[in-house]
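Here the structure comes first, spelled out in structure tokens, and everything after it is commentary.
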Amino acid sequence: MTHAQSNATGRRRDSATSWRVGKLFDAPLFAVSRKELLKAARDAVRALALDRSERQLIECLAVCFGEQQLAHGLLCWPSNTQIEKKTGMSERTIRRTIVKLRERGVIVMRDSANGKRFPISNAKGELVDARGFDLTPLHARAAEFAERARALDIEDRVRRQLRDDLTAARNALLDLCAEDPSGAYAEILARAKVVSRPSKAAAPEEYATAIEAYVELAEESRAVRYRVDPSAESPGSAGHAGRHSEQKSKPSTEDCNAPRHRSPPPSDQPDYSSNDAFRERKGGDVRRNERTTLGTADRAIPKDLALWLAACPELGEWGTVTTIERAATLGAQFIRACGLARHAFDAASTRLGAVNAGLLGLFVVQRHADGEQRGGTPIRSPGGLFVMLAREIERGRHPLEKELIAMQRRRGRNWR
């Protein structure tokens with residue numbers, strides 16, 4: 001006997017895509033965490049170009065997943081009223097968005113006969129099944145979504161670089177044709193106006209074509225300019241009074257035997273009139289303000305591995321952690337999975353150091369996990385909290401040791 005539904009229940013319109021997806025993917029035979037589903041949801045938003053309502057709903061479902069390992073799928077069963085409270089969308093928008101996600105092959109519906117969603121328990125009170133949203137397709141397509149999101153990120157970086165190159169080539173052409181009293185560059189400027197400027201979402205080939213056109217026009221303008229004024233090619237050549245062409249006609253009256261001004265003896269004190277004033281007396285590749293920031297972060301973020309293991313049970317889900325560097329690496333992965341932008345974490349790593357930034361990410365993720373428990377304070381934006389704490393730690397205003405000790409005491413674990 002199986003719980004598979006043979007027809008569309010809850011008077012919900014059936015979909016060919018939803019039917020095919022339900023046939024392709026089976027429930028995983030291992031535990032799936034909420035973080036993995038949330039990461040897959042964010043990659044799906046990027047890969048499938050989901051709109052705002054689709055993004056809100058799929059992330060809401062990933063957060064509502066209780067990490068129950070059921071035999072019939074990765075199920076969650078929030079009602080439309082609960083989704084409305086979490087996302088702020090109207091019920092009509094929620095219904096439309098559910099249909100769109102089903103058609104995109106991200107979720108599968110397992111509703112009851114009357115369209116309700118609820119868990120099913122056995123006589124012992126153990127959860128054995130449920131009626132609601134099946135997120136198995138989202139987890140099964142996680143690798144596909146991640147690969148597509150990576151490819152899109154690479155395309156965006158290439159497109160930004162090409163856009164900068166296009167601007168540089170166009171500015172070079174305009175600078176060459178800026179002074180044109182004789183009208184020699186009028187034809188070239190007219191042809192430059194005809195060159196189509198690609199949009200931000202244009203393909204890299206369009207950018208390359210436009211850059212090539214501007215470079216060719218710049219070469220033509222240089223040929224016209226240097227043919228009209230050959231002396232413009234080398235400002236110090238014959239026929240042009242360069243800044244080194246003037247010769248002193250009078251002989252020097254300086255006495256060779258006269259005592260010359262000697263430079264003062266070298267001093268151990270740094271020269272504060274140059275850029276070296278910002279560097280340390282020893283170790284010249286790190287600026288003084290950067291060294292100060294790193295020292296402040298080291299004092300604010302403890303490096304006691306036992307304290308972190310006692311305060312952050314999230315580390316226990318990833319096996320045995322033996323070094324503080326491993327804990328920082330896991331913290332960086334956790335905070336990125338919670339939606340923190342890559343440039344925000346890179347900026348924090350530059351200012352605070354890679355290990356400090358990773359440990360701060362671990363602290364924020366644990367605070368986020370504690371907020372989802374009963375009686376906890378929910379954190380709506382873990383990424384925003386990370387950025388705020390990084391700024392406060394950089395200013396020396398928010399040491400974490402007291403909060404870590406309080407977290408491990410709440411769990412009844414002995415640190416010392």
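We name chains A, B, ... following the order of the structure tokens; residues begin at 1 in each chain, and ligands are numbered from 1 as shown.
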**Asked** Near A:Glu126, counting only C-alpha atoms, which residues have an atom at most 12 Å away, once you skip same-chain residues fewer than 5 positions from it, shown as a list of chain:residue names?
**Response**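 Counting only C-alpha atoms, the residues come to A:Gln68, A:Gln69, A:Leu70, A:Pro119, A:Ile120, A:Ser121.
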Take the selection from the previous step and output its residues with N, CA and C atoms, as a PDB file, in the first residue's frame.
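Done, and the output landed in out_23.pdb:
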ATOM      1  N   GLN A  68      12.277  16.552   9.224  1.00  0.00           N
ATOM      2  CA  GLN A  68      11.758  15.206   9.472  1.00  0.00           C
ATOM      3  C   GLN A  68      12.087  14.328   8.265  1.00  0.00           C
ATOM      4  N   GLN A  69      12.625  13.168   8.519  1.00  0.00           N
ATOM      5  CA  GLN A  69      12.967  12.239   7.449  1.00  0.00           C
ATOM      6  C   GLN A  69      11.818  11.252   7.290  1.00  0.00           C
ATOM      7  N   LEU A  70      10.855  11.591   6.423  1.00  0.00           N
ATOM      8  CA  LEU A  70       9.710  10.731   6.163  1.00  0.00           C
ATOM      9  C   LEU A  70       9.979   9.872   4.938  1.00  0.00           C
ATOM     10  N   PRO A 119       0.168  17.079   9.593  1.00  0.00           N
ATOM     11  CA  PRO A 119       1.003  15.893   9.807  1.00  0.00           C
ATOM     12  C   PRO A 119       0.150  14.686  10.185  1.00  0.00           C
ATOM     13  N   ILE A 120       0.690  13.494   9.986  1.00  0.00           N
ATOM     14  CA  ILE A 120       0.014  12.243  10.317  1.00  0.00           C
ATOM     15  C   ILE A 120       0.921  11.466  11.262  1.00  0.00           C
ATOM     16  N   SER A 121       0.389  11.095  12.431  1.00  0.00           N
ATOM     17  CA  SER A 121       1.171  10.380  13.448  1.00  0.00           C
ATOM     18  C   SER A 121       0.564   9.014  13.680  1.00  0.00           C
TER      19      SER A 121
END
**Asked** Quick one: of A:Leu101, A:Gly125, A:Ile83, A:Leu400, who's nearest to A:Asp51, counting only C-alpha atoms?
**Response**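 Closest residue, counting only C-alpha atoms: A:Leu101.
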**Request:** List the neighbours of stretch 336-340 of chain A out to 9 Å using only C-alpha atoms; skip same-chain residues closer than 4 positions along the sequence, and give me the result as a list in words.
**Result:**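 Once the adjacent positions are removed, what remains is Lys35, Glu36, Leu38, Lys39, Ala40, Arg42, Gly331, Ala332, Ala344, Phe345, Gly361, Val365, Ser381, Pro382, Gly383, Gly384, Phe386 and Val387 of chain A.
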**Closest of A:Leu135, A:Tyr214, A:Leu307, A:Pro78 to A:Lys116 - atom-to-atom distances counting only C-alpha atoms** =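 So, comparing all the options, the nearest one is A:Pro78.
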**Prompt:** Taking only C-alpha atoms into account, which of A:Glu147, A:Glu220, A:Glu155, A:Asp298 comes nearest A:Leu189?
**Reply:**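 Selected residue with least distance to A:Leu189: A:Glu220.
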**Contacts of A:Arg351 at 9 Å (only C-alpha atoms; same-chain gap of 2+ positions) as JSON, numbers by chain** = {"A": [290, 293, 294, 297, 346, 347, 348, 349, 353, 354, 357, 390, 394]}
**Request:** Would you please give, as a count of residues only, all residues of stretch 54-232 of chain A that DSSP assigns to strand (DSSP E or B) based on the backbone?
**Result:** 19
**Prompt:** Hey, which of A:Ser221, A:Tyr207, A:Glu216, A:Phe363 ends up closest to A:Ala186? Count only C-alpha atoms.
**Reply:**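 Residue with the minimum atom-to-atom distance to A:Ala186: A:Ser221.
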**Message:** What does the structure give for the distance between atom CA of A:Val128 and atom CA of A:His72, in Å to one decimal?
**Reply:**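 So the two atoms, atom CA of A:Val128 and atom CA of A:His72, lie 9.0 Å apart.
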**Request:** Skip A:Pro302 itself and residues of its chain fewer than 6 positions away, then list as a PyMOL selection string all residues within 9 Å of it, counting only C-alpha atoms.
**Result:** chain A and resi 308+356+359+399-401
**Expected answer as a ChimeraX atom specification: helix (DSSP H, G or I) residues in stretch 16-241 of chain A** = /A:16-24,34-48,52-64,80-87,91-103,136-140,142-176,186-194,204-228,230-232
**Message:** Report, in Å to a single decimal, how far apart atom CA of A:Phe145 and atom CA of A:Ala47 are.
**Reply:**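 Calculated distance between atom CA of A:Ala47 and atom CA of A:Phe145 is 5.6 Å.
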**Request:** Rank A:Asn80, A:Glu144, A:Asn122, A:Gln373 by their smallest atom-to-atom distance to A:Ala44, using only C-alpha atoms, and report the top residue only.
**Result:** A:Glu144
**Request:** Mind giving me the straight-line distance from atom CA of A:Ala130 to atom CA of A:Thr97 in Å, one decimal?
**Result:**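 Interatomic distance, atom CA of A:Ala130 to atom CA of A:Thr97: 21.3 Å.
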**Request:** Rank nothing, just name the residue among A:Leu309, A:Leu48, A:Leu315, A:Val158 nearest to A:Ala146, using only C-alpha atoms.
**Result:** A:Leu48
